[in-house]
Structures are given as C-alpha cells and as structure tokens.
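Student: Got a structure for you, work_11.txt, holding compact mmCIF, C-alpha atoms and all ligand atoms.
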# COMPACT_ATOMS: atom_id res chain seq x y z
CA MET Y 1 0.00 0.00 0.00
CA SER Y 2 1.63 3.26 -0.99
CA LEU Y 3 0.50 6.80 -0.94
CA PHE Y 4 0.70 8.10 -4.50
CA SER Y 5 -0.69 11.51 -3.88
CA ARG Y 6 -1.42 13.31 -0.67
CA ASP Y 7 -5.02 12.27 -0.39
CA VAL Y 8 -5.42 9.17 -2.54
CA GLU Y 9 -4.62 5.78 -1.10
CA LYS Y 10 -3.76 2.91 -3.40
CA ILE Y 11 -4.86 -0.54 -2.21
CA ARG Y 12 -3.44 -3.67 -3.78
CA PRO Y 13 -4.85 -7.16 -3.31
CA ALA Y 14 -3.47 -8.92 -0.23
CA LYS Y 15 -2.40 -12.57 -0.06
CA SER Y 16 -3.58 -12.84 3.54
CA LEU Y 17 -3.83 -10.69 6.67
CA LYS Y 18 -1.94 -11.92 9.70
CA GLY Y 19 -1.00 -10.47 13.06
CA THR Y 20 -2.10 -9.01 16.37
CA ILE Y 21 -3.23 -5.42 16.55
CA SER Y 22 -5.32 -2.97 18.50
CA VAL Y 23 -7.71 -0.29 17.29
CA PRO Y 24 -8.22 3.32 18.47
CA GLY Y 25 -10.34 4.07 21.51
CA ASP Y 26 -14.09 3.92 21.11
CA LYS Y 27 -15.39 7.13 19.57
CA SER Y 28 -18.86 6.99 21.15
CA ILE Y 29 -17.46 6.38 24.63
CA SER Y 30 -14.67 8.98 24.32
CA HIS Y 31 -17.12 11.80 23.45
CA ARG Y 32 -19.34 10.90 26.37
CA TYR Y 33 -16.54 10.55 28.94
CA ALA Y 34 -15.19 13.97 27.97
CA MET Y 35 -18.56 15.72 28.12
CA VAL Y 36 -19.60 14.28 31.46
CA ALA Y 37 -16.11 14.70 32.98
CA ALA Y 38 -16.38 18.42 32.14
CA LEU Y 39 -19.54 18.60 34.31
CA ALA Y 40 -18.10 16.61 37.21
CA GLU Y 41 -16.39 17.88 40.36
CA GLY Y 42 -12.64 17.20 40.23
CA THR Y 43 -10.19 15.96 37.63
CA SER Y 44 -10.99 12.87 35.58
CA GLU Y 45 -8.30 10.86 33.85
CA ILE Y 46 -9.34 9.18 30.60
CA ARG Y 47 -6.88 6.65 29.16
CA GLY Y 48 -7.16 5.37 25.60
CA TYR Y 49 -9.11 8.47 24.53
CA ALA Y 50 -9.88 8.16 20.81
CA ALA Y 51 -7.25 9.94 18.73
CA SER Y 52 -9.93 10.58 16.09
CA GLN Y 53 -10.72 14.02 14.67
CA ASP Y 54 -14.31 13.71 15.89
CA CYS Y 55 -13.32 13.24 19.51
CA HIS Y 56 -10.85 16.06 19.18
CA SER Y 57 -13.73 18.32 18.09
CA THR Y 58 -15.51 17.51 21.36
CA LEU Y 59 -12.44 18.49 23.40
CA ALA Y 60 -12.03 21.70 21.40
CA CYS Y 61 -15.66 22.70 22.08
CA LEU Y 62 -15.31 22.00 25.81
CA LYS Y 63 -12.10 24.07 25.99
CA LYS Y 64 -13.97 27.03 24.49
CA MET Y 65 -16.30 26.86 27.49
CA GLY Y 66 -13.49 27.19 30.00
CA VAL Y 67 -12.78 23.49 30.59
CA LYS Y 68 -9.09 22.88 31.26
CA ILE Y 69 -7.91 19.77 29.44
CA ASP Y 70 -4.40 18.27 29.47
CA GLU Y 71 -3.68 15.90 26.61
CA ARG Y 72 -0.72 13.58 26.77
CA GLY Y 73 -0.92 11.09 23.90
CA GLU Y 74 -4.03 9.04 24.47
CA THR Y 75 -4.37 10.09 28.11
CA VAL Y 76 -6.62 13.06 28.64
CA ARG Y 77 -7.11 14.78 31.98
CA ILE Y 78 -10.24 16.86 32.25
CA HIS Y 79 -10.59 19.37 35.04
CA GLY Y 80 -14.32 19.26 35.69
CA ARG Y 81 -16.16 22.51 36.35
CA GLY Y 82 -19.18 21.05 38.14
CA LEU Y 83 -22.73 20.96 36.84
CA ASP Y 84 -23.06 24.76 36.65
CA GLY Y 85 -19.46 25.66 35.89
CA LEU Y 86 -19.27 25.94 32.08
CA LYS Y 87 -18.42 29.44 30.87
CA PRO Y 88 -19.97 31.12 27.84
CA PRO Y 89 -17.68 30.87 24.81
CA PRO Y 90 -15.89 34.20 24.20
CA ASP Y 91 -17.89 36.76 22.20
CA GLY Y 92 -18.30 35.82 18.56
CA VAL Y 93 -16.70 32.37 19.06
CA GLU Y 94 -18.69 29.48 17.64
CA LEU Y 95 -18.33 25.90 18.81
CA ASP Y 96 -17.11 23.83 15.86
CA ALA Y 97 -18.25 20.20 15.81
CA GLY Y 98 -16.35 19.53 12.54
CA ASN Y 99 -17.64 16.31 10.95
CA SER Y 100 -19.03 14.98 14.22
CA GLY Y 101 -22.77 14.44 14.54
CA SER Y 102 -22.22 12.99 18.02
CA THR Y 103 -20.50 16.18 19.20
CA MET Y 104 -23.23 18.42 17.87
CA ARG Y 105 -26.20 16.37 19.01
CA MET Y 106 -24.99 15.32 22.44
CA LEU Y 107 -23.35 18.63 23.36
CA SER Y 108 -26.64 20.34 22.47
CA GLY Y 109 -28.18 18.52 25.43
CA ILE Y 110 -25.60 20.13 27.72
CA LEU Y 111 -25.85 23.55 26.06
CA ALA Y 112 -29.63 23.44 26.53
CA GLY Y 113 -28.94 23.45 30.28
CA GLN Y 114 -26.73 26.57 30.21
CA SER Y 115 -28.04 30.05 30.89
CA PHE Y 116 -25.80 31.49 28.14
CA ARG Y 117 -26.28 31.64 24.38
CA SER Y 118 -24.07 29.45 22.21
CA VAL Y 119 -23.73 28.72 18.51
CA MET Y 120 -22.58 25.37 17.16
CA LYS Y 121 -21.54 24.76 13.56
CA GLY Y 122 -20.10 21.88 11.55
CA ASP Y 123 -18.28 21.08 8.30
CA ALA Y 124 -20.00 20.79 4.90
CA SER Y 125 -21.21 17.22 5.57
CA LEU Y 126 -22.50 17.90 9.10
CA SER Y 127 -24.19 21.08 7.86
CA GLN Y 128 -26.47 18.87 5.74
CA ARG Y 129 -27.54 16.57 8.58
CA PRO Y 130 -30.90 16.81 10.38
CA MET Y 131 -30.93 18.41 13.83
CA SER Y 132 -34.71 18.72 14.40
CA ARG Y 133 -34.54 15.36 16.12
CA ILE Y 134 -32.73 17.00 19.04
CA VAL Y 135 -34.29 20.44 18.74
CA ILE Y 136 -37.81 19.05 19.34
CA PRO Y 137 -37.17 17.35 22.70
CA LEU Y 138 -34.78 20.05 23.95
CA GLU Y 139 -37.36 22.75 23.20
CA LEU Y 140 -39.98 20.66 25.02
CA MET Y 141 -37.64 20.85 28.01
CA GLY Y 142 -37.54 24.64 27.78
CA ALA Y 143 -34.52 25.51 25.59
CA GLN Y 144 -34.80 27.85 22.61
CA ILE Y 145 -32.95 26.64 19.54
CA LYS Y 146 -32.67 28.31 16.14
CA THR Y 147 -31.44 26.16 13.27
CA GLY Y 148 -30.32 26.82 9.72
CA GLU Y 149 -32.62 26.00 6.81
CA GLY Y 150 -34.59 22.76 7.08
CA GLY Y 151 -33.57 22.11 10.69
CA ARG Y 152 -29.90 21.84 9.76
CA PRO Y 153 -26.83 23.37 11.45
CA PRO Y 154 -25.76 25.88 12.59
CA LEU Y 155 -27.61 25.76 15.90
CA GLU Y 156 -28.08 28.78 18.11
CA ILE Y 157 -28.98 27.56 21.58
CA ARG Y 158 -30.40 29.64 24.42
CA GLY Y 159 -30.79 27.39 27.41
CA GLY Y 160 -31.32 27.39 31.15
CA SER Y 161 -34.23 26.56 33.49
CA LEU Y 162 -35.05 23.22 31.92
CA HIS Y 163 -37.88 21.05 33.16
CA ALA Y 164 -38.09 17.27 33.16
CA VAL Y 165 -40.06 15.56 30.37
CA ARG Y 166 -41.08 12.09 29.30
CA TYR Y 167 -40.00 11.78 25.66
CA GLU Y 168 -40.64 8.94 23.25
CA LEU Y 169 -38.04 8.81 20.49
CA PRO Y 170 -39.67 8.63 17.05
CA VAL Y 171 -36.52 7.04 15.52
CA PRO Y 172 -34.01 4.86 17.41
CA SER Y 173 -30.98 7.10 17.99
CA ALA Y 174 -28.40 6.89 20.77
CA GLN Y 175 -27.34 10.45 20.03
CA VAL Y 176 -30.83 11.83 20.57
CA LYS Y 177 -31.42 9.65 23.64
CA SER Y 178 -28.12 10.94 25.05
CA ALA Y 179 -28.93 14.58 24.29
CA VAL Y 180 -32.16 14.29 26.29
CA LEU Y 181 -30.47 12.43 29.18
CA LEU Y 182 -27.67 15.02 29.33
CA ALA Y 183 -30.23 17.85 29.32
CA GLY Y 184 -32.03 15.88 32.06
CA LEU Y 185 -28.98 16.46 34.28
CA PHE Y 186 -30.02 20.12 34.48
CA ALA Y 187 -33.79 19.63 34.93
CA PRO Y 188 -35.08 19.11 38.48
CA GLY Y 189 -37.11 15.90 38.77
CA GLU Y 190 -37.11 12.79 36.60
CA THR Y 191 -36.55 12.95 32.84
CA GLN Y 192 -37.59 9.84 30.94
CA VAL Y 193 -36.67 8.68 27.44
CA ILE Y 194 -38.46 5.82 25.73
CA GLU Y 195 -36.69 4.03 22.88
CA PRO Y 196 -38.50 2.20 20.06
CA THR Y 197 -35.63 -0.32 19.95
CA PRO Y 198 -32.51 -0.47 22.11
CA THR Y 199 -29.51 1.59 20.99
CA ARG Y 200 -26.00 1.84 22.42
CA ASP Y 201 -26.22 2.53 26.15
CA HIS Y 202 -22.82 4.04 26.97
CA THR Y 203 -24.41 7.25 28.27
CA GLU Y 204 -26.53 5.38 30.80
CA ILE Y 205 -23.55 3.29 31.97
CA LEU Y 206 -21.16 6.19 32.38
CA LEU Y 207 -23.63 8.57 34.01
CA GLU Y 208 -24.05 5.91 36.68
CA GLN Y 209 -20.26 5.62 37.01
CA PHE Y 210 -20.07 9.38 37.60
CA GLY Y 211 -22.74 9.11 40.31
CA ALA Y 212 -26.01 10.03 38.55
CA ASP Y 213 -29.19 8.17 39.44
CA ILE Y 214 -30.29 6.25 36.33
CA GLY Y 215 -33.26 3.91 36.19
CA ARG Y 216 -33.88 1.44 33.40
CA HIS Y 217 -37.06 -0.44 32.83
CA GLN Y 218 -37.70 -2.18 29.50
CA ARG Y 219 -37.56 0.57 26.86
CA THR Y 220 -37.58 3.49 29.33
CA ILE Y 221 -34.49 5.18 30.74
CA ALA Y 222 -34.95 7.65 33.59
CA ILE Y 223 -32.52 10.17 35.03
CA GLN Y 224 -32.88 12.24 38.21
CA GLY Y 225 -31.92 15.85 37.59
CA ARG Y 226 -29.33 17.95 39.42
CA PRO Y 227 -26.98 15.15 40.59
CA ARG Y 228 -23.50 15.74 41.95
CA LEU Y 229 -21.16 14.15 39.43
CA GLU Y 230 -17.76 13.02 40.69
CA ALA Y 231 -14.55 12.83 38.65
CA GLN Y 232 -13.52 9.32 37.57
CA SER Y 233 -10.48 7.41 36.38
CA LEU Y 234 -11.50 5.70 33.15
CA GLN Y 235 -10.16 3.45 30.42
CA VAL Y 236 -11.73 3.64 26.94
CA PRO Y 237 -11.98 0.26 25.19
CA GLY Y 238 -11.01 -0.16 21.52
CA ASP Y 239 -13.75 0.79 19.09
CA ILE Y 240 -15.67 -2.23 17.80
CA SER Y 241 -16.93 -0.13 14.88
CA SER Y 242 -13.30 0.37 13.80
CA ALA Y 243 -12.40 -3.26 14.56
CA ALA Y 244 -15.34 -4.15 12.29
CA PHE Y 245 -13.33 -3.35 9.15
CA LEU Y 246 -10.48 -5.60 10.24
CA LEU Y 247 -12.94 -8.37 11.15
CA GLY Y 248 -14.55 -8.06 7.72
CA ALA Y 249 -11.15 -8.11 6.02
CA GLY Y 250 -10.02 -11.08 8.12
CA LEU Y 251 -13.08 -13.06 7.06
CA ILE Y 252 -12.84 -12.40 3.30
CA VAL Y 253 -9.11 -12.28 2.55
CA PRO Y 254 -8.20 -15.97 2.11
CA GLY Y 255 -5.82 -17.47 4.67
CA SER Y 256 -6.20 -14.57 7.14
CA ASP Y 257 -5.74 -15.03 10.86
CA LEU Y 258 -5.92 -11.97 13.14
CA VAL Y 259 -6.26 -11.07 16.78
CA ILE Y 260 -7.65 -7.64 17.67
CA HIS Y 261 -6.86 -6.68 21.27
CA ASN Y 262 -8.95 -4.83 23.80
CA VAL Y 263 -12.19 -4.27 21.87
CA GLY Y 264 -15.32 -2.88 23.54
CA LEU Y 265 -17.98 -5.61 23.61
CA ASN Y 266 -20.95 -3.78 25.07
CA PRO Y 267 -23.94 -5.98 24.07
CA THR Y 268 -25.63 -2.98 22.39
CA ARG Y 269 -22.68 -2.84 19.96
CA THR Y 270 -21.98 -6.53 19.22
CA ALA Y 271 -24.86 -7.37 16.88
CA LEU Y 272 -22.33 -7.37 14.06
CA LEU Y 273 -20.52 -10.30 15.69
CA ASP Y 274 -23.79 -12.25 15.84
CA VAL Y 275 -24.47 -11.44 12.19
CA LEU Y 276 -21.00 -12.50 10.99
CA VAL Y 277 -20.88 -15.64 13.14
CA GLY Y 278 -24.45 -16.45 12.02
CA ALA Y 279 -23.22 -16.29 8.41
CA GLY Y 280 -20.53 -18.86 9.23
CA GLY Y 281 -17.65 -16.54 10.17
CA TYR Y 282 -14.94 -17.75 12.54
CA ILE Y 283 -14.81 -15.12 15.29
CA LYS Y 284 -13.90 -16.03 18.86
CA ILE Y 285 -13.99 -13.77 21.90
CA LEU Y 286 -11.04 -14.15 24.30
CA ASN Y 287 -10.13 -12.65 27.68
CA ILE Y 288 -13.42 -10.93 28.34
CA GLU Y 289 -13.56 -8.57 31.34
CA MET Y 290 -15.56 -5.62 32.67
CA VAL Y 291 -13.87 -2.20 32.70
CA ASN Y 292 -15.77 0.85 34.00
CA GLY Y 293 -19.07 -0.92 33.41
CA GLU Y 294 -18.19 -1.83 29.80
CA LEU Y 295 -17.32 -5.35 28.56
CA VAL Y 296 -13.95 -5.60 26.84
CA GLY Y 297 -12.17 -8.52 25.18
CA ASP Y 298 -9.94 -9.71 22.34
CA LEU Y 299 -11.32 -10.92 19.01
CA HIS Y 300 -9.78 -13.74 17.01
CA VAL Y 301 -10.89 -13.93 13.38
CA GLN Y 302 -10.01 -16.34 10.59
CA ALA Y 303 -10.93 -16.34 6.91
CA SER Y 304 -14.20 -18.23 6.49
CA ARG Y 305 -16.76 -19.40 3.96
CA LEU Y 306 -19.85 -17.27 4.47
CA LYS Y 307 -23.45 -18.11 3.62
CA GLY Y 308 -25.27 -14.80 3.28
CA ILE Y 309 -26.15 -11.75 5.38
CA GLU Y 310 -29.64 -10.39 5.84
CA ILE Y 311 -30.36 -7.40 8.11
CA SER Y 312 -34.04 -6.98 8.97
CA PRO Y 313 -35.47 -3.57 9.99
CA GLU Y 314 -35.41 -4.50 13.72
CA MET Y 315 -31.69 -5.30 13.48
CA VAL Y 316 -30.66 -2.03 11.82
CA ALA Y 317 -30.06 0.09 14.95
CA GLY Y 318 -27.62 -2.53 16.27
CA VAL Y 319 -25.39 -2.48 13.16
CA ILE Y 320 -26.04 1.06 11.93
CA ASP Y 321 -22.34 1.95 11.51
CA GLU Y 322 -21.35 -1.46 10.15
CA VAL Y 323 -23.61 -1.67 7.09
CA PRO Y 324 -20.99 -0.42 4.56
CA MET Y 325 -18.55 -3.11 5.73
CA LEU Y 326 -21.25 -5.81 5.77
CA ALA Y 327 -22.22 -4.90 2.19
CA VAL Y 328 -18.62 -5.39 1.03
CA VAL Y 329 -18.33 -8.69 2.94
CA GLY Y 330 -21.68 -9.70 1.43
CA THR Y 331 -20.13 -9.72 -2.07
CA GLN Y 332 -18.01 -12.70 -0.96
CA THR Y 333 -20.85 -14.76 0.53
CA GLU Y 334 -22.87 -17.51 -1.14
CA GLU Y 335 -26.15 -15.60 -1.01
CA GLY Y 336 -25.15 -11.94 -0.87
CA PHE Y 337 -26.24 -9.11 1.42
CA ARG Y 338 -29.58 -7.44 1.98
CA VAL Y 339 -30.75 -4.70 4.35
CA ARG Y 340 -34.18 -3.01 4.61
CA GLY Y 341 -35.66 -0.51 7.06
CA ALA Y 342 -32.39 1.44 7.02
CA ALA Y 343 -33.39 4.85 5.58
CA GLU Y 344 -31.37 6.41 8.47
CA LEU Y 345 -28.26 5.45 6.50
CA ARG Y 346 -29.05 8.24 4.06
CA LEU Y 347 -28.55 10.77 6.88
CA LYS Y 348 -25.05 9.76 7.97
CA GLU Y 349 -21.71 11.41 7.04
CA SER Y 350 -22.74 10.59 3.45
CA ASP Y 351 -25.87 8.99 2.01
CA ARG Y 352 -24.51 5.56 2.82
CA ILE Y 353 -27.02 3.65 0.70
CA ARG Y 354 -26.06 5.65 -2.39
CA THR Y 355 -22.29 5.74 -1.74
CA VAL Y 356 -22.10 2.00 -1.04
CA VAL Y 357 -24.15 1.00 -4.09
CA ASP Y 358 -22.32 3.45 -6.41
CA ASN Y 359 -18.88 2.30 -5.35
CA LEU Y 360 -19.81 -1.40 -5.45
CA ARG Y 361 -20.98 -0.89 -9.03
CA ARG Y 362 -17.66 0.81 -9.87
CA MET Y 363 -16.03 -2.43 -8.76
CA GLY Y 364 -18.30 -4.41 -11.07
CA VAL Y 365 -20.61 -5.74 -8.35
CA GLU Y 366 -24.33 -6.25 -8.97
CA ALA Y 367 -26.14 -4.12 -6.40
CA GLU Y 368 -29.65 -2.72 -6.11
CA GLU Y 369 -30.65 0.43 -4.23
CA PHE Y 370 -33.96 0.77 -2.32
CA PRO Y 371 -35.24 3.89 -0.59
CA ASP Y 372 -34.55 2.18 2.74
CA GLY Y 373 -31.77 -0.26 1.96
CA MET Y 374 -29.92 -2.27 -0.65
CA SER Y 375 -29.25 -5.74 -1.90
CA VAL Y 376 -25.88 -6.95 -3.10
CA ALA Y 377 -25.22 -10.13 -5.05
CA GLY Y 378 -22.98 -12.83 -3.55
CA ARG Y 379 -20.08 -14.70 -5.19
CA GLN Y 380 -18.87 -11.53 -6.93
CA LYS Y 381 -15.44 -10.94 -8.48
CA LEU Y 382 -14.42 -7.40 -7.63
CA ARG Y 383 -12.31 -5.30 -9.98
CA GLY Y 384 -10.00 -2.53 -8.83
CA ALA Y 385 -11.64 0.88 -9.24
CA ASP Y 386 -11.47 4.55 -8.35
CA ILE Y 387 -13.54 4.89 -5.20
CA ASP Y 388 -15.16 8.14 -4.12
CA PRO Y 389 -16.17 7.81 -0.47
CA GLN Y 390 -17.68 11.33 -0.52
CA GLY Y 391 -15.45 12.22 2.42
CA ASP Y 392 -17.11 9.53 4.57
CA HIS Y 393 -14.66 7.63 6.78
CA ARG Y 394 -16.65 4.41 6.97
CA ILE Y 395 -17.10 4.24 3.19
CA ALA Y 396 -13.36 4.79 2.64
CA MET Y 397 -12.50 1.95 5.03
CA ALA Y 398 -15.14 -0.44 3.70
CA PHE Y 399 -13.82 -0.02 0.15
CA ALA Y 400 -10.20 -0.33 1.23
CA ILE Y 401 -11.25 -3.80 2.43
CA ALA Y 402 -12.87 -4.43 -0.94
CA GLY Y 403 -9.59 -3.42 -2.61
CA LEU Y 404 -7.78 -6.18 -0.73
CA ILE Y 405 -9.72 -8.85 -2.65
CA ALA Y 406 -10.13 -7.07 -6.02
CA ASP Y 407 -8.53 -8.52 -9.14
CA PRO Y 408 -4.90 -7.43 -9.45
CA VAL Y 409 -5.09 -5.82 -12.94
CA LYS Y 410 -5.82 -2.36 -11.55
CA PRO Y 411 -5.33 -1.25 -7.95
CA THR Y 412 -8.19 0.29 -6.00
CA ARG Y 413 -7.74 3.99 -5.37
CA ILE Y 414 -9.55 5.60 -2.49
CA ARG Y 415 -10.06 9.34 -2.95
CA SER Y 416 -10.10 11.77 -0.02
CA ALA Y 417 -8.56 8.91 1.95
CA GLN Y 418 -7.60 11.10 4.90
CA CYS Y 419 -11.24 11.12 5.93
CA VAL Y 420 -10.46 7.88 7.82
CA ASN Y 421 -8.89 10.12 10.49
CA VAL Y 422 -12.43 10.99 11.59
CA SER Y 423 -12.51 7.66 13.45
CA PHE Y 424 -9.40 5.56 12.68
CA PRO Y 425 -6.14 7.47 12.24
CA GLY Y 426 -3.51 4.98 11.07
CA PHE Y 427 -6.04 2.72 9.36
CA PHE Y 428 -4.06 2.30 6.11
CA LYS Y 429 -0.83 1.71 8.02
CA THR Y 430 -2.55 -0.99 10.08
CA LEU Y 431 -3.81 -2.70 6.91
CA GLY Y 432 -0.35 -2.47 5.37
CA LYS Y 433 1.19 -4.06 8.47
CA LEU Y 434 -1.32 -6.92 8.47
CA ALA Y 435 -0.81 -7.54 4.76
CA GLY Y 436 2.95 -7.78 5.36
C1 LIG R 1 -23.68 7.20 17.84
C2 LIG R 1 -24.93 6.82 17.47
C3 LIG R 1 -25.29 6.48 16.08
C4 LIG R 1 -24.06 6.17 15.26
C5 LIG R 1 -22.98 7.19 15.43
C6 LIG R 1 -22.55 7.27 16.88
C7 LIG R 1 -23.42 7.54 19.25
O1 LIG R 1 -25.96 7.59 15.50
O2 LIG R 1 -24.40 6.07 13.90
O3 LIG R 1 -21.85 6.85 14.65
O4 LIG R 1 -22.27 7.66 19.67
O5 LIG R 1 -24.42 7.68 19.99
P1 LIG R 1 -27.56 7.82 15.65
O6 LIG R 1 -27.82 8.19 17.06
O7 LIG R 1 -27.86 8.94 14.71
O8 LIG R 1 -28.18 6.52 15.24
Let me see the file written as structure tokens.
Ligand code: S3P

Tutor:
Amino acid sequence: MSLFSRDVEKIRPAKSLKGTISVPGDKSISHRYAMVAALAEGTSEIRGYAASQDCHSTLACLKKMGVKIDERGETVRIHGRGLDGLKPPPDGVELDAGNSGSTMRMLSGILAGQSFRSVMKGDASLSQRPMSRIVIPLELMGAQIKTGEGGRPPLEIRGGSLHAVRYELPVPSAQVKSAVLLAGLFAPGETQVIEPTPTRDHTEILLEQFGADIGRHQRTIAIQGRPRLEAQSLQVPGDISSAAFLLGAGLIVPGSDLVIHNVGLNPTRTALLDVLVGAGGYIKILNIEMVNGELVGDLHVQASRLKGIEISPEMVAGVIDEVPMLAVVGTQTEEGFRVRGAAELRLKESDRIRTVVDNLRRMGVEAEEFPDGMSVAGRQKLRGADIDPQGDHRIAMAFAIAGLIADPVKPTRIRSAQCVNVSFPGFFKTLGKLAG
C-alpha cells in the first residue's frame, strides 16, 4: 500500500492478513466521557481516549467553554467545572463540531442546560444533517434553539431553566437519547426517554459511574436531575466499529488469521458479531472482562466461507455503523447481502445507501438500491476501481477492504482517503502491516 498523492490511497490485493493489533479508543465512549467529565467535580483521567478528529472536536468545544484539558498522547485529563461551571464561549466564538454528529447532538443537550447563548456549527457534511430530532425534545424541556434551513446546522442555543419531560423517540438514535439524558442532568425531577428499539447505552452506563441516578425499565431510561457528578479514572476500550473493518477483512481475505486486542464488547454494539458468526464466520472472543461498566475482550478472526447476510429492519439500529462493511463482505458470501428498514443510512456522514451502491458498481458488483436499503449479489469478483467515499470515513475503510480482494489488474484507489482520520487514524498503516 503506498500513498501516490497526498489524499489518494492505493490498495493492492493482499495474499492474507496476519497479526495481532489494536484499534483506536471507542469514539462513542470517548465523546461521552469527555462531556460528562467536564460537568463533574474534580479531575478525571481518561486513558485510551480516541485519537480521532471527531473526539478532538468535542475536546475543542469543551475548551472554548473554560474546561481545562491536558492531553498527553491518548491520556486526557479533564478538570471538571461542576454541573453549573461551564463558561460562555468568548464573544463571537462558535463551537465547531467539525464532521461529528455525536458532538453536535450530544453537546446540544448540555448547552440546553446553560443560561448562556451558544452557537454550534459543523463542516459541509455535518451542515447537511438533520438536527430537528434533538431540537424538538430540547425545546420541550424549555430551551430555545434556532437552526439553519430545514432544521440543519448551525444551531443557536439559548438554554437554562429546563424542566423534566417524558419523551418517546420517534426514531431509534443513541445520540438523541443521550442529548435528552444530558439535558435531564439540568432539569429538576425525573426525565424519561423511551426508545422504540434499544440503541448503544454508553451514556446510561457512564452517568451511573459518575454518580447520577439512572433507572432502566424495559424501553424506558430515567434520570434524576441535578446530581452531583464526581470525577472518575476511566479506560476507553477499543472501538468495535473500527475493529469491524479488520474483522470483515479477516473473514474475506483468504488465509487470514488476526487477533484484535482490547475491543469494547458492550452488548448494544456486538450485533455485528452475531451477524457475521451467524453467516458462518470464525470469530472467537477471548479474555473478556468488565472495565468501567463496559465489557472488553480480544477478538480472534479467521478467513471463512460465508453463507449470506440479511439485516431486517429491527436489526438495523444494532449495526447502523457497520452496514458499509457488511455490504462489502456480502459480495463474498454464497447468497449476498440485503438490508431493509435502514433509511437512516441516508442521513449519515454521506448517504450511505447511495455511496455503497455506487462504489460497489464501480467495482463491477451487482447491487440494487432501495429507498430504505440495498441488496448486493454474492459470489462476486471485484475489480480494482477509483472509489469516491464522498469524504465519509466508513465508506473509505469499507472499500479499502474491498480493494484487498479485487482482481490485481488495476489497484483500487480511495479518494479523499484522509477522511479515515475521523474515526481511525492509522487505518491504512494498520492494513499495510497486516498484509505484510
Ligand atoms: C452514535 C450513534 C449512532 C451512530 C454514530 C454514533 C453515538 O448515530 O451512527 O456513529 O455515539 O451515539 P444515531 O444516534 O444517529 O443513530
């Protein structure tokens, strides 16, 4: 694998992938630890903080509100300011969430609880993503939020004096659930969120670790407002959504045998393992343990013959970030890949239904696009192609994996390849190392 221009990565077919590696810290958990540590009393130490651009955006926003943060490699020390200690950003300074939907949506929950006015903006991709989903519940709680056209960023938030609500999420979304729970920290009484289907529950777990009173009953999560949050010493597990690309590669590149160390295995994130093992994939979990309320373990994967992968609408929330990788893996199965009920994918960093189908077709794969999903034929021979991930990190990584098994006549070239830094800096180096 060699870089032939600054932002195009050339991927050549690999004979096999072998080795033992680790992946960057979990992006979802890193954002949340940083935000809640900023509201706690005392200094929290977070080890293994994700080196990703997205998680850096969260730290940058917190710093603009007076939070002192020391960064030493992957260890971040956050000097909490207490529940009411955030300062207004300096005059005219906007909070920049970059490419990060999680930063914008979850931090909005905290900003809704502040008596000052703040403005949050994002990059070109984030500026196209829907924010009404958080504006509606946060306004119900008493915040005033102005958006750009069509409910999109930038957001101008005037918060303070929130009251508790009971809010039923119309669409399963951990970001929206978290925004409401974080706003609930500032509202006296009990705020309740009801989920249509379970989504990742890191916010619930870590709020409890910091000392908040969280209740969970079936699909309802309740938080008692105005808790005293206490600084914590925390270890972020490796990101299973980053490990996913290496798992996919390990399964489809013949002769591969990999161990990925220290991966977060929270049951709300591991549906992808069930799907891949259900299709006949060899994936074994080793050395499982509990760290700060989160399960962590090592994953051993070997190249396998796979039957077919079907994601039904009820399964979508559990594998929402893994669909691009599953679609690529699906091309190497007996029966292909199919997902329905996944219109949410059109609202991610790119329209992930369109970008996956377009790029698969560039590689000569038969693929069909539906308004809410796609189907991809199995037993496909991929040909090397120019891939345009539309600046979307997960599309770039999924198609790098595809490049590893494409026919050798023409290498696969991933445009705007640096977008992988959004979640997995060093991704191409890691692949290169595994491919020997
Ligand atoms: C995330 C939730 C998901 C996911 C995103 C991270 C989180 O988004 O796609 O990458 O950390 O809560 P939605 O809440 O929009 O489903």

Student: Given the choices Y:Met315, Y:Val328, Y:Cys419, Y:Ala231, which gets closest to Y:Ala377 if the distance is worked out from all atoms listed in the file?

Tutor: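 Smallest distance to Y:Ala377 is found for Y:Val328.
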
Student: Counting only C-alpha atoms and all ligand atoms, which residue out of Y:Leu62, Y:Ala303, Y:Met106, Y:Val76 sits closest to ligand LIG 1 (chain R)?

Tutor: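 With only C-alpha atoms and all ligand atoms as the atom set, the closest residue is Y:Met106.
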
Student: Rounded to one decimal, what separation in Å do you get between atom CA of Y:Gly280 and atom CA of Y:Ala14?

Tutor: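 Interatomic distance, atom CA of Y:Gly280 to atom CA of Y:Ala14: 21.9 Å.
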
Student: Using all atoms listed in the file, what are the residues with an atom within 6 Å of ligand LIG 1 (chain R), set out as a list in words?

Tutor: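 So, counting all atoms listed in the file, the residues near ligand LIG 1 (chain R) are Ser28, Ser102, Ser173, Ala174, Gln175, Val176, Ile320 and Asp321 of chain Y.
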
Student: What does the structure give for the distance between atom CA of Y:Val339 and atom CA of Y:Lys10, in Å to one decimal?

Tutor: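 That distance, rounded to one decimal, is 29.1 Å.
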
Student: Write out as a list of chain:residue names which residues come within 8 Å of Y:Thr203 when counting all atoms listed in the file, dropping same-chain ones fewer than 6 positions away.

Tutor: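 Skipping anything fewer than 6 positions along the chain leaves Y:Ile29, Y:Arg32, Y:Ser178.
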